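Colleague: Take a look at data38.txt, compact mmCIF, N, CA and C atoms:
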```txt
# COMPACT_ATOMS: atom_id res chain seq x y z
N TYR G 1 115.94 113.31 140.08
CA TYR G 1 116.18 114.64 140.63
C TYR G 1 117.29 114.53 141.65
N ALA G 2 118.36 115.31 141.47
CA ALA G 2 119.53 115.20 142.32
C ALA G 2 119.66 116.39 143.26
N GLY G 3 118.56 117.04 143.57
CA GLY G 3 118.60 118.24 144.40
C GLY G 3 118.72 117.97 145.89
N GLY G 4 118.70 116.72 146.31
CA GLY G 4 118.84 116.42 147.73
C GLY G 4 117.49 116.22 148.41
N ALA G 5 117.08 117.19 149.23
CA ALA G 5 115.85 117.05 150.00
C ALA G 5 114.63 117.01 149.11
N THR G 6 113.69 116.15 149.46
CA THR G 6 112.42 116.11 148.74
C THR G 6 111.58 117.29 149.19
N ALA G 7 110.50 117.53 148.52
CA ALA G 7 109.63 118.64 148.91
C ALA G 7 109.15 118.45 150.35
N GLY G 8 108.77 117.23 150.72
CA GLY G 8 108.32 116.95 152.08
C GLY G 8 109.42 117.21 153.08
N GLY G 9 110.64 116.81 152.76
CA GLY G 9 111.77 117.04 153.64
C GLY G 9 112.06 118.51 153.82
N ALA G 10 111.91 119.26 152.75
CA ALA G 10 112.16 120.70 152.80
C ALA G 10 111.13 121.38 153.70
N VAL G 11 109.88 120.94 153.59
CA VAL G 11 108.82 121.52 154.43
C VAL G 11 109.10 121.20 155.89
N ALA G 12 109.47 119.95 156.17
CA ALA G 12 109.77 119.55 157.55
C ALA G 12 110.95 120.35 158.09
N ALA G 13 111.97 120.55 157.27
CA ALA G 13 113.15 121.32 157.69
C ALA G 13 112.76 122.77 157.95
N GLN G 14 111.90 123.32 157.11
CA GLN G 14 111.45 124.70 157.29
C GLN G 14 110.66 124.82 158.60
N GLU G 15 109.76 123.85 158.86
CA GLU G 15 108.99 123.89 160.10
C GLU G 15 109.92 123.78 161.30
N ALA G 16 110.91 122.91 161.21
CA ALA G 16 111.86 122.72 162.32
C ALA G 16 112.65 124.00 162.56
N ALA G 17 113.01 124.70 161.49
CA ALA G 17 113.79 125.93 161.62
C ALA G 17 112.97 127.02 162.31
N GLU G 18 111.65 126.99 162.13
CA GLU G 18 110.79 128.00 162.75
C GLU G 18 110.42 127.64 164.18
N PHE G 19 110.79 126.46 164.62
CA PHE G 19 110.45 125.97 165.96
C PHE G 19 111.50 126.48 166.94
N THR G 20 111.10 127.38 167.84
CA THR G 20 112.06 127.98 168.78
C THR G 20 112.26 127.08 170.00
N ASP G 21 113.24 127.44 170.83
CA ASP G 21 113.46 126.70 172.09
C ASP G 21 112.21 126.76 172.96
N ASP G 22 111.55 127.91 172.94
CA ASP G 22 110.32 128.10 173.69
C ASP G 22 109.25 127.13 173.18
N ASP G 23 109.13 127.04 171.85
CA ASP G 23 108.17 126.10 171.24
C ASP G 23 108.49 124.67 171.67
N GLU G 24 109.78 124.35 171.71
CA GLU G 24 110.20 123.00 172.08
C GLU G 24 109.80 122.68 173.52
N ARG G 25 109.95 123.65 174.43
CA ARG G 25 109.55 123.44 175.82
C ARG G 25 108.04 123.24 175.92
N LEU G 26 107.28 124.05 175.18
CA LEU G 26 105.82 123.88 175.17
C LEU G 26 105.46 122.53 174.58
N PHE G 27 106.13 122.13 173.52
CA PHE G 27 105.88 120.83 172.88
C PHE G 27 106.04 119.70 173.90
N GLU G 28 107.11 119.75 174.68
CA GLU G 28 107.35 118.71 175.69
C GLU G 28 106.24 118.72 176.74
N ARG G 29 105.77 119.90 177.12
CA ARG G 29 104.68 120.00 178.09
C ARG G 29 103.39 119.41 177.51
N LEU G 30 103.11 119.73 176.25
CA LEU G 30 101.90 119.20 175.61
C LEU G 30 101.99 117.69 175.41
N ARG G 31 103.20 117.19 175.12
CA ARG G 31 103.39 115.74 174.99
C ARG G 31 103.09 115.05 176.31
N ALA G 32 103.51 115.64 177.43
CA ALA G 32 103.25 115.07 178.75
C ALA G 32 101.74 115.05 179.02
N LEU G 33 101.06 116.13 178.67
CA LEU G 33 99.61 116.20 178.85
C LEU G 33 98.94 115.14 177.99
N ARG G 34 99.38 115.02 176.75
CA ARG G 34 98.82 114.01 175.84
C ARG G 34 99.00 112.61 176.42
N ARG G 35 100.18 112.35 176.97
CA ARG G 35 100.48 111.03 177.57
C ARG G 35 99.54 110.78 178.75
N ASP G 36 99.33 111.78 179.61
CA ASP G 36 98.43 111.63 180.75
C ASP G 36 97.01 111.31 180.29
N ILE G 37 96.53 112.06 179.31
CA ILE G 37 95.17 111.84 178.79
C ILE G 37 95.06 110.44 178.18
N ALA G 38 96.07 110.05 177.42
CA ALA G 38 96.06 108.72 176.78
C ALA G 38 95.97 107.62 177.83
N GLN G 39 96.71 107.79 178.94
CA GLN G 39 96.65 106.80 180.02
C GLN G 39 95.26 106.77 180.66
N GLU G 40 94.68 107.95 180.84
CA GLU G 40 93.33 108.04 181.44
C GLU G 40 92.29 107.31 180.59
N ILE G 41 92.39 107.46 179.26
CA ILE G 41 91.37 106.86 178.39
C ILE G 41 91.78 105.49 177.87
N GLY G 42 92.99 105.04 178.22
CA GLY G 42 93.44 103.72 177.83
C GLY G 42 93.69 103.56 176.34
N LYS G 43 94.16 104.64 175.70
CA LYS G 43 94.46 104.61 174.26
C LYS G 43 95.89 105.10 174.04
N PRO G 44 96.46 104.79 172.86
CA PRO G 44 97.80 105.31 172.57
C PRO G 44 97.76 106.84 172.39
N PRO G 45 98.88 107.52 172.72
CA PRO G 45 98.91 108.99 172.65
C PRO G 45 98.52 109.57 171.29
N TYR G 46 98.89 108.89 170.19
CA TYR G 46 98.58 109.46 168.87
C TYR G 46 97.08 109.55 168.62
N ILE G 47 96.28 108.79 169.38
CA ILE G 47 94.82 108.87 169.25
C ILE G 47 94.32 110.21 169.77
N VAL G 48 95.00 110.73 170.81
CA VAL G 48 94.62 112.03 171.38
C VAL G 48 94.96 113.12 170.36
N PHE G 49 96.25 113.27 170.04
CA PHE G 49 96.71 114.21 169.00
C PHE G 49 98.02 113.68 168.43
N SER G 50 98.25 113.94 167.16
CA SER G 50 99.52 113.58 166.52
C SER G 50 100.59 114.59 166.94
N ASP G 51 101.87 114.21 166.74
CA ASP G 51 102.96 115.17 166.98
C ASP G 51 102.76 116.40 166.11
N LYS G 52 102.28 116.19 164.89
CA LYS G 52 102.07 117.32 163.97
C LYS G 52 101.06 118.31 164.57
N ALA G 53 99.99 117.78 165.17
CA ALA G 53 98.99 118.65 165.81
C ALA G 53 99.61 119.40 166.99
N LEU G 54 100.41 118.70 167.79
CA LEU G 54 101.05 119.35 168.94
C LEU G 54 102.00 120.45 168.48
N ARG G 55 102.77 120.17 167.43
CA ARG G 55 103.70 121.18 166.91
C ARG G 55 102.94 122.40 166.39
N ASP G 56 101.80 122.15 165.73
CA ASP G 56 100.99 123.26 165.23
C ASP G 56 100.46 124.09 166.40
N MET G 57 100.08 123.42 167.49
CA MET G 57 99.62 124.16 168.69
C MET G 57 100.74 125.05 169.22
N CYS G 58 101.96 124.56 169.19
CA CYS G 58 103.10 125.32 169.71
C CYS G 58 103.35 126.57 168.88
N VAL G 59 103.18 126.45 167.58
CA VAL G 59 103.42 127.58 166.68
C VAL G 59 102.25 128.56 166.75
N ARG G 60 101.03 128.05 166.72
CA ARG G 60 99.84 128.91 166.70
C ARG G 60 99.50 129.48 168.08
N ARG G 61 99.76 128.73 169.15
CA ARG G 61 99.41 129.12 170.52
C ARG G 61 97.95 129.59 170.62
N PRO G 62 97.01 128.72 170.27
CA PRO G 62 95.59 129.13 170.32
C PRO G 62 95.17 129.54 171.73
N ALA G 63 94.37 130.60 171.82
CA ALA G 63 93.93 131.11 173.12
C ALA G 63 92.41 131.00 173.28
N SER G 64 91.73 130.47 172.27
CA SER G 64 90.27 130.35 172.34
C SER G 64 89.86 129.05 171.64
N PRO G 65 88.67 128.56 171.95
CA PRO G 65 88.19 127.35 171.26
C PRO G 65 88.17 127.54 169.74
N GLU G 66 87.82 128.74 169.29
CA GLU G 66 87.78 129.00 167.84
C GLU G 66 89.17 128.86 167.23
N ALA G 67 90.16 129.42 167.90
CA ALA G 67 91.54 129.34 167.41
C ALA G 67 92.05 127.90 167.49
N PHE G 68 91.62 127.17 168.52
CA PHE G 68 92.04 125.77 168.69
C PHE G 68 91.54 124.92 167.52
N LEU G 69 90.35 125.25 167.01
CA LEU G 69 89.78 124.52 165.87
C LEU G 69 90.62 124.70 164.60
N GLU G 70 91.43 125.75 164.54
CA GLU G 70 92.26 126.00 163.35
C GLU G 70 93.53 125.17 163.35
N VAL G 71 93.84 124.54 164.49
CA VAL G 71 95.04 123.70 164.59
C VAL G 71 94.87 122.46 163.72
N ASN G 72 95.95 122.08 163.06
CA ASN G 72 95.96 120.90 162.21
C ASN G 72 95.52 119.67 163.01
N GLY G 73 94.49 118.97 162.54
CA GLY G 73 94.06 117.74 163.20
C GLY G 73 93.04 117.95 164.32
N VAL G 74 92.58 119.18 164.52
CA VAL G 74 91.57 119.43 165.56
C VAL G 74 90.22 119.67 164.91
N GLY G 75 89.24 118.91 165.36
CA GLY G 75 87.85 119.10 164.92
C GLY G 75 86.98 119.31 166.14
N GLU G 76 85.68 119.41 165.92
CA GLU G 76 84.73 119.64 167.02
C GLU G 76 84.88 118.59 168.12
N ASN G 77 85.04 117.32 167.71
CA ASN G 77 85.15 116.23 168.68
C ASN G 77 86.35 116.40 169.60
N LYS G 78 87.52 116.63 168.99
CA LYS G 78 88.75 116.76 169.79
C LYS G 78 88.71 118.04 170.62
N LEU G 79 88.10 119.09 170.07
CA LEU G 79 87.93 120.32 170.84
C LEU G 79 87.11 120.02 172.08
N ARG G 80 86.00 119.31 171.92
CA ARG G 80 85.10 118.99 173.03
C ARG G 80 85.81 118.08 174.05
N GLN G 81 86.54 117.08 173.55
CA GLN G 81 87.19 116.12 174.45
C GLN G 81 88.40 116.68 175.17
N TYR G 82 89.26 117.39 174.45
CA TYR G 82 90.57 117.76 175.01
C TYR G 82 90.88 119.25 174.99
N GLY G 83 90.08 120.03 174.29
CA GLY G 83 90.40 121.44 174.08
C GLY G 83 90.68 122.21 175.35
N GLU G 84 89.81 122.06 176.33
CA GLU G 84 89.95 122.84 177.56
C GLU G 84 91.31 122.60 178.22
N ARG G 85 91.72 121.36 178.30
CA ARG G 85 92.98 121.03 178.98
C ARG G 85 94.19 121.53 178.20
N PHE G 86 94.13 121.42 176.87
CA PHE G 86 95.26 121.88 176.07
C PHE G 86 95.32 123.41 176.04
N LEU G 87 94.16 124.06 175.94
CA LEU G 87 94.14 125.53 175.97
C LEU G 87 94.68 126.04 177.30
N LYS G 88 94.33 125.36 178.39
CA LYS G 88 94.80 125.75 179.73
C LYS G 88 96.33 125.60 179.80
N ALA G 89 96.85 124.49 179.30
CA ALA G 89 98.29 124.25 179.32
C ALA G 89 99.04 125.31 178.51
N ILE G 90 98.48 125.68 177.36
CA ILE G 90 99.12 126.70 176.50
C ILE G 90 99.07 128.06 177.20
N ALA G 91 97.91 128.38 177.81
CA ALA G 91 97.77 129.67 178.51
C ALA G 91 98.73 129.76 179.69
N GLU G 92 98.87 128.66 180.44
CA GLU G 92 99.78 128.66 181.60
C GLU G 92 101.24 128.78 181.17
N PHE G 93 101.53 128.34 179.96
CA PHE G 93 102.91 128.38 179.47
C PHE G 93 103.32 129.82 179.13
N ARG G 94 102.36 130.63 178.72
CA ARG G 94 102.65 132.00 178.24
C ARG G 94 103.36 132.83 179.27
```
Would you put the structure from the file into structure tokens?

Modeller:
Amino acid sequence: YAGGATAGGAVAAQEAAEFTDDDERLFERLRALRRDIAQEIGKPPYIVFSDKALRDMCVRRPASPEAFLEVNGVGENKLRQYGERFLKAIAEFR
């Protein structure tokens, strides 16, 4: 296939195109929060949330625990462990 971008690349490019400057600022704030939490628990940042999960938070901007559960990579455990702090950071960003 000589079409250039693979399907995965096209999806990534589409997601990047929908990511605004505002989303990028929120992403950096959430990355800093993730880094702080990772240091507190003595684990690597990706254990807290993947970049993909953080990007999904930036696009979705969940405002409730229920909405936070819809974010890619968030389950009951991560909601219980980190939800409050990430929801607060997203709310303060608004």

Colleague: Point out the residue among G:Leu54, G:Leu26, G:Leu87, G:Val48 with the least atom-to-atom distance to Val71 in chain G, counting only N, CA and C atoms.

Modeller: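 Among the listed residues, the smallest separation from Val71 in chain G belongs to G:Leu54.
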
Colleague: Just how far from atom N of Arg94 in chain G is CA of Lys43 in chain G, in Å to one decimal?

Modeller: 27.6 Å

Colleague: How many Å separate atom C of Arg61 in chain G from atom C of Glu76 in chain G?

Modeller: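 Straight-line distance from atom C of Arg61 in chain G to atom C of Glu76 in chain G works out to 17.3 Å.
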
Colleague: Quick one: distance from CA of Asp21 in chain G to CA of Glu40 in chain G in Å, one decimal?

Modeller: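 Between these atoms lies a distance of 29.0 Å.
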
Colleague: Could you give me, as a ChimeraX atom specification, each residue of chain G that DSSP assigns to helix (DSSP H, G or I) when run on this structure's backbone?

Modeller: /G:7-18,21-41,45-48,51-60,65-68,76-93

Colleague: Neighbours of Met57 in chain G within 12 Å (only C-alpha atoms; same-chain residues fewer than 2 positions away dropped), as number ranges by chain?

Modeller: G: 19, 23-24, 26-31, 49-55, 59-64, 67-74, 83, 86-87, 89-91

Colleague: Return the single residue from G:Asn77, G:Arg85, G:Glu92, G:Pro65 that is closest to Leu33 in chain G, with distances computed using all atoms listed in the file.

Modeller: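 Of the candidates, the smallest distance to Leu33 in chain G is held by G:Arg85.
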